[in-house]
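Student: For reference, the structure I am asking about is given below.
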Amino acid sequence: MREPNRRLRQALMDEGILVPYGDQQLRLARDHEFNSPSQAASIMCASNRNGHRLAPPSRFHQRLKRRANAPSKRQVQTSELSLF
């Protein structure tokens, strides 16, 4: 791992942002904004990583997102109302 990332990783651990999880893993205790996806991957994996190889969303997740954004059957749009 590059020295700047090594220092940042240690600083995150010292500040309690990066905490032990399980036997040999670490996790973020709270949100932290990294400079790039590669930096985030390198810090979390403790080695140089390319964070730009992110998997595309699965079809299942795309369906869930569409379903969440669609109006429910109980919602009525004001344009659908008519006055008698």
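Numbering starts fresh at 1 for the residues of each chain in the structure tokens, the chains themselves are lettered A, B, ... in the order given, and ligands are numbered from 1 as they appear.
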Find the spatial neighbours of range 27-39 of chain A, counting only C-alpha atoms, within a cut-off of 12 Å - ignore same-chain residues fewer than 2 positions away - and output them as a CSV table (one decimal) with N, CA, C and O atoms, in the first residue's frame.

Tutor:
```csv
chain,number,residue,atom,x,y,z
A,1,MET,N,0.9,-1.2,0.0
A,1,MET,CA,0.0,0.0,0.0
A,1,MET,C,0.9,1.2,0.0
A,1,MET,O,1.9,1.3,0.7
A,2,ARG,N,0.5,2.2,-0.7
A,2,ARG,CA,1.3,3.5,-0.8
A,2,ARG,C,1.3,4.2,0.6
A,2,ARG,O,0.3,4.1,1.3
A,3,GLU,N,2.3,4.9,0.8
A,3,GLU,CA,2.5,5.5,2.1
A,3,GLU,C,1.4,6.5,2.5
A,3,GLU,O,0.9,6.5,3.7
A,4,PRO,N,0.9,7.4,1.6
A,4,PRO,CA,-0.2,8.2,2.0
A,4,PRO,C,-1.4,7.5,2.4
A,4,PRO,O,-2.1,7.9,3.4
A,5,ASN,N,-1.7,6.4,1.7
A,5,ASN,CA,-2.9,5.6,2.1
A,5,ASN,C,-2.6,4.9,3.4
A,5,ASN,O,-3.5,4.7,4.2
A,6,ARG,N,-1.4,4.4,3.7
A,6,ARG,CA,-1.0,3.8,4.9
A,6,ARG,C,-1.3,4.8,6.1
A,6,ARG,O,-1.8,4.4,7.1
A,8,LEU,N,-3.2,7.5,6.1
A,8,LEU,CA,-4.7,7.7,6.2
A,8,LEU,C,-5.4,6.6,6.9
A,8,LEU,O,-6.2,6.8,7.8
A,9,ARG,N,-5.0,5.3,6.6
A,9,ARG,CA,-5.6,4.2,7.2
A,9,ARG,C,-5.4,4.2,8.7
A,9,ARG,O,-6.3,4.0,9.5
A,12,LEU,N,-7.4,6.9,10.4
A,12,LEU,CA,-8.8,6.5,10.5
A,12,LEU,C,-9.0,5.5,11.7
A,12,LEU,O,-10.0,5.6,12.4
A,13,MET,N,-8.0,4.6,11.9
A,13,MET,CA,-8.1,3.7,13.0
A,13,MET,C,-7.9,4.5,14.3
A,13,MET,O,-8.7,4.2,15.3
A,15,GLU,N,-8.7,7.5,15.0
A,15,GLU,CA,-9.9,8.3,15.2
A,15,GLU,C,-11.2,7.5,15.5
A,15,GLU,O,-12.2,8.1,15.8
A,16,GLY,N,-11.1,6.2,15.4
A,16,GLY,CA,-12.2,5.4,15.6
A,16,GLY,C,-13.2,5.3,14.5
A,16,GLY,O,-14.3,4.9,14.6
A,17,ILE,N,-12.8,5.7,13.3
A,17,ILE,CA,-13.6,5.7,12.1
A,17,ILE,C,-13.5,4.3,11.5
A,17,ILE,O,-14.5,3.7,11.1
A,18,LEU,N,-12.3,3.7,11.5
A,18,LEU,CA,-12.1,2.4,11.0
A,18,LEU,C,-11.9,1.5,12.2
A,18,LEU,O,-10.9,1.7,12.9
A,19,VAL,N,-12.8,0.5,12.4
A,19,VAL,CA,-12.8,-0.2,13.6
A,19,VAL,C,-12.7,-1.7,13.3
A,19,VAL,O,-13.1,-2.2,12.3
A,20,PRO,N,-12.2,-2.6,14.3
A,20,PRO,CA,-12.1,-4.0,14.1
A,20,PRO,C,-13.5,-4.6,13.9
A,20,PRO,O,-14.5,-4.2,14.5
A,21,TYR,N,-13.6,-5.6,13.0
A,21,TYR,CA,-14.8,-6.3,12.8
A,21,TYR,C,-14.5,-7.7,12.5
A,21,TYR,O,-13.8,-8.1,11.5
A,22,GLY,N,-14.9,-8.6,13.4
A,22,GLY,CA,-14.5,-10.0,13.2
A,22,GLY,C,-13.0,-10.3,13.6
A,22,GLY,O,-12.4,-9.5,14.3
A,23,ASP,N,-12.5,-11.3,13.0
A,23,ASP,CA,-11.1,-11.7,13.4
A,23,ASP,C,-10.1,-10.8,12.7
A,23,ASP,O,-9.2,-10.2,13.4
A,24,GLN,N,-10.1,-10.7,11.4
A,24,GLN,CA,-9.1,-9.9,10.7
A,24,GLN,C,-9.7,-8.9,9.7
A,24,GLN,O,-9.1,-8.6,8.7
A,25,GLN,N,-10.8,-8.4,10.1
A,25,GLN,CA,-11.5,-7.4,9.2
A,25,GLN,C,-11.7,-6.1,9.9
A,25,GLN,O,-11.6,-6.0,11.1
A,41,ALA,N,-11.0,1.6,-1.7
A,41,ALA,CA,-10.7,0.2,-1.8
A,41,ALA,C,-9.4,-0.2,-1.2
A,41,ALA,O,-9.2,-1.2,-0.5
A,42,SER,N,-8.4,0.7,-1.5
A,42,SER,CA,-7.0,0.4,-0.9
A,42,SER,C,-7.0,0.5,0.6
A,42,SER,O,-6.4,-0.3,1.2
A,43,ILE,N,-7.7,1.5,1.1
A,43,ILE,CA,-7.8,1.6,2.6
A,43,ILE,C,-8.4,0.4,3.2
A,43,ILE,O,-8.0,-0.2,4.2
A,44,MET,N,-9.6,0.0,2.7
A,44,MET,CA,-10.3,-1.1,3.3
A,44,MET,C,-9.6,-2.5,3.1
A,44,MET,O,-9.7,-3.3,4.0
A,45,CYS,N,-8.9,-2.6,2.0
A,45,CYS,CA,-8.2,-3.9,1.7
A,45,CYS,C,-6.7,-3.9,2.2
A,45,CYS,O,-6.1,-5.0,2.1
A,46,ALA,N,-6.2,-2.8,2.6
A,46,ALA,CA,-4.8,-2.7,3.0
A,46,ALA,C,-3.8,-3.0,1.9
A,46,ALA,O,-2.8,-3.6,2.2
A,47,SER,N,-4.2,-2.8,0.7
A,47,SER,CA,-3.3,-3.0,-0.4
A,47,SER,C,-3.7,-2.1,-1.6
A,47,SER,O,-4.9,-1.6,-1.6
A,48,ASN,N,-2.9,-1.9,-2.6
A,48,ASN,CA,-3.3,-1.1,-3.7
A,48,ASN,C,-4.4,-1.8,-4.5
A,48,ASN,O,-4.3,-3.0,-4.8
A,49,ARG,N,-5.5,-1.1,-4.7
A,49,ARG,CA,-6.6,-1.6,-5.4
A,49,ARG,C,-7.2,-0.6,-6.4
A,49,ARG,O,-7.0,0.6,-6.2
A,50,ASN,N,-7.8,-1.2,-7.4
A,50,ASN,CA,-8.5,-0.3,-8.4
A,50,ASN,C,-10.0,-0.3,-8.0
A,50,ASN,O,-10.7,-1.3,-8.1
A,51,GLY,N,-10.5,0.8,-7.5
A,51,GLY,CA,-11.9,0.9,-7.1
A,51,GLY,C,-12.9,1.2,-8.2
A,51,GLY,O,-14.0,1.3,-7.9
A,52,HIS,N,-12.4,1.3,-9.4
A,52,HIS,CA,-13.3,1.6,-10.5
A,52,HIS,C,-14.0,0.4,-11.1
A,52,HIS,O,-14.8,0.5,-11.9
A,53,ARG,N,-13.6,-0.8,-10.6
A,53,ARG,CA,-14.2,-2.0,-11.1
A,53,ARG,C,-15.4,-2.4,-10.2
A,53,ARG,O,-15.4,-3.4,-9.5
A,54,LEU,N,-16.4,-1.5,-10.2
A,54,LEU,CA,-17.6,-1.8,-9.4
A,54,LEU,C,-18.6,-2.6,-10.2
A,54,LEU,O,-18.8,-2.4,-11.4
```
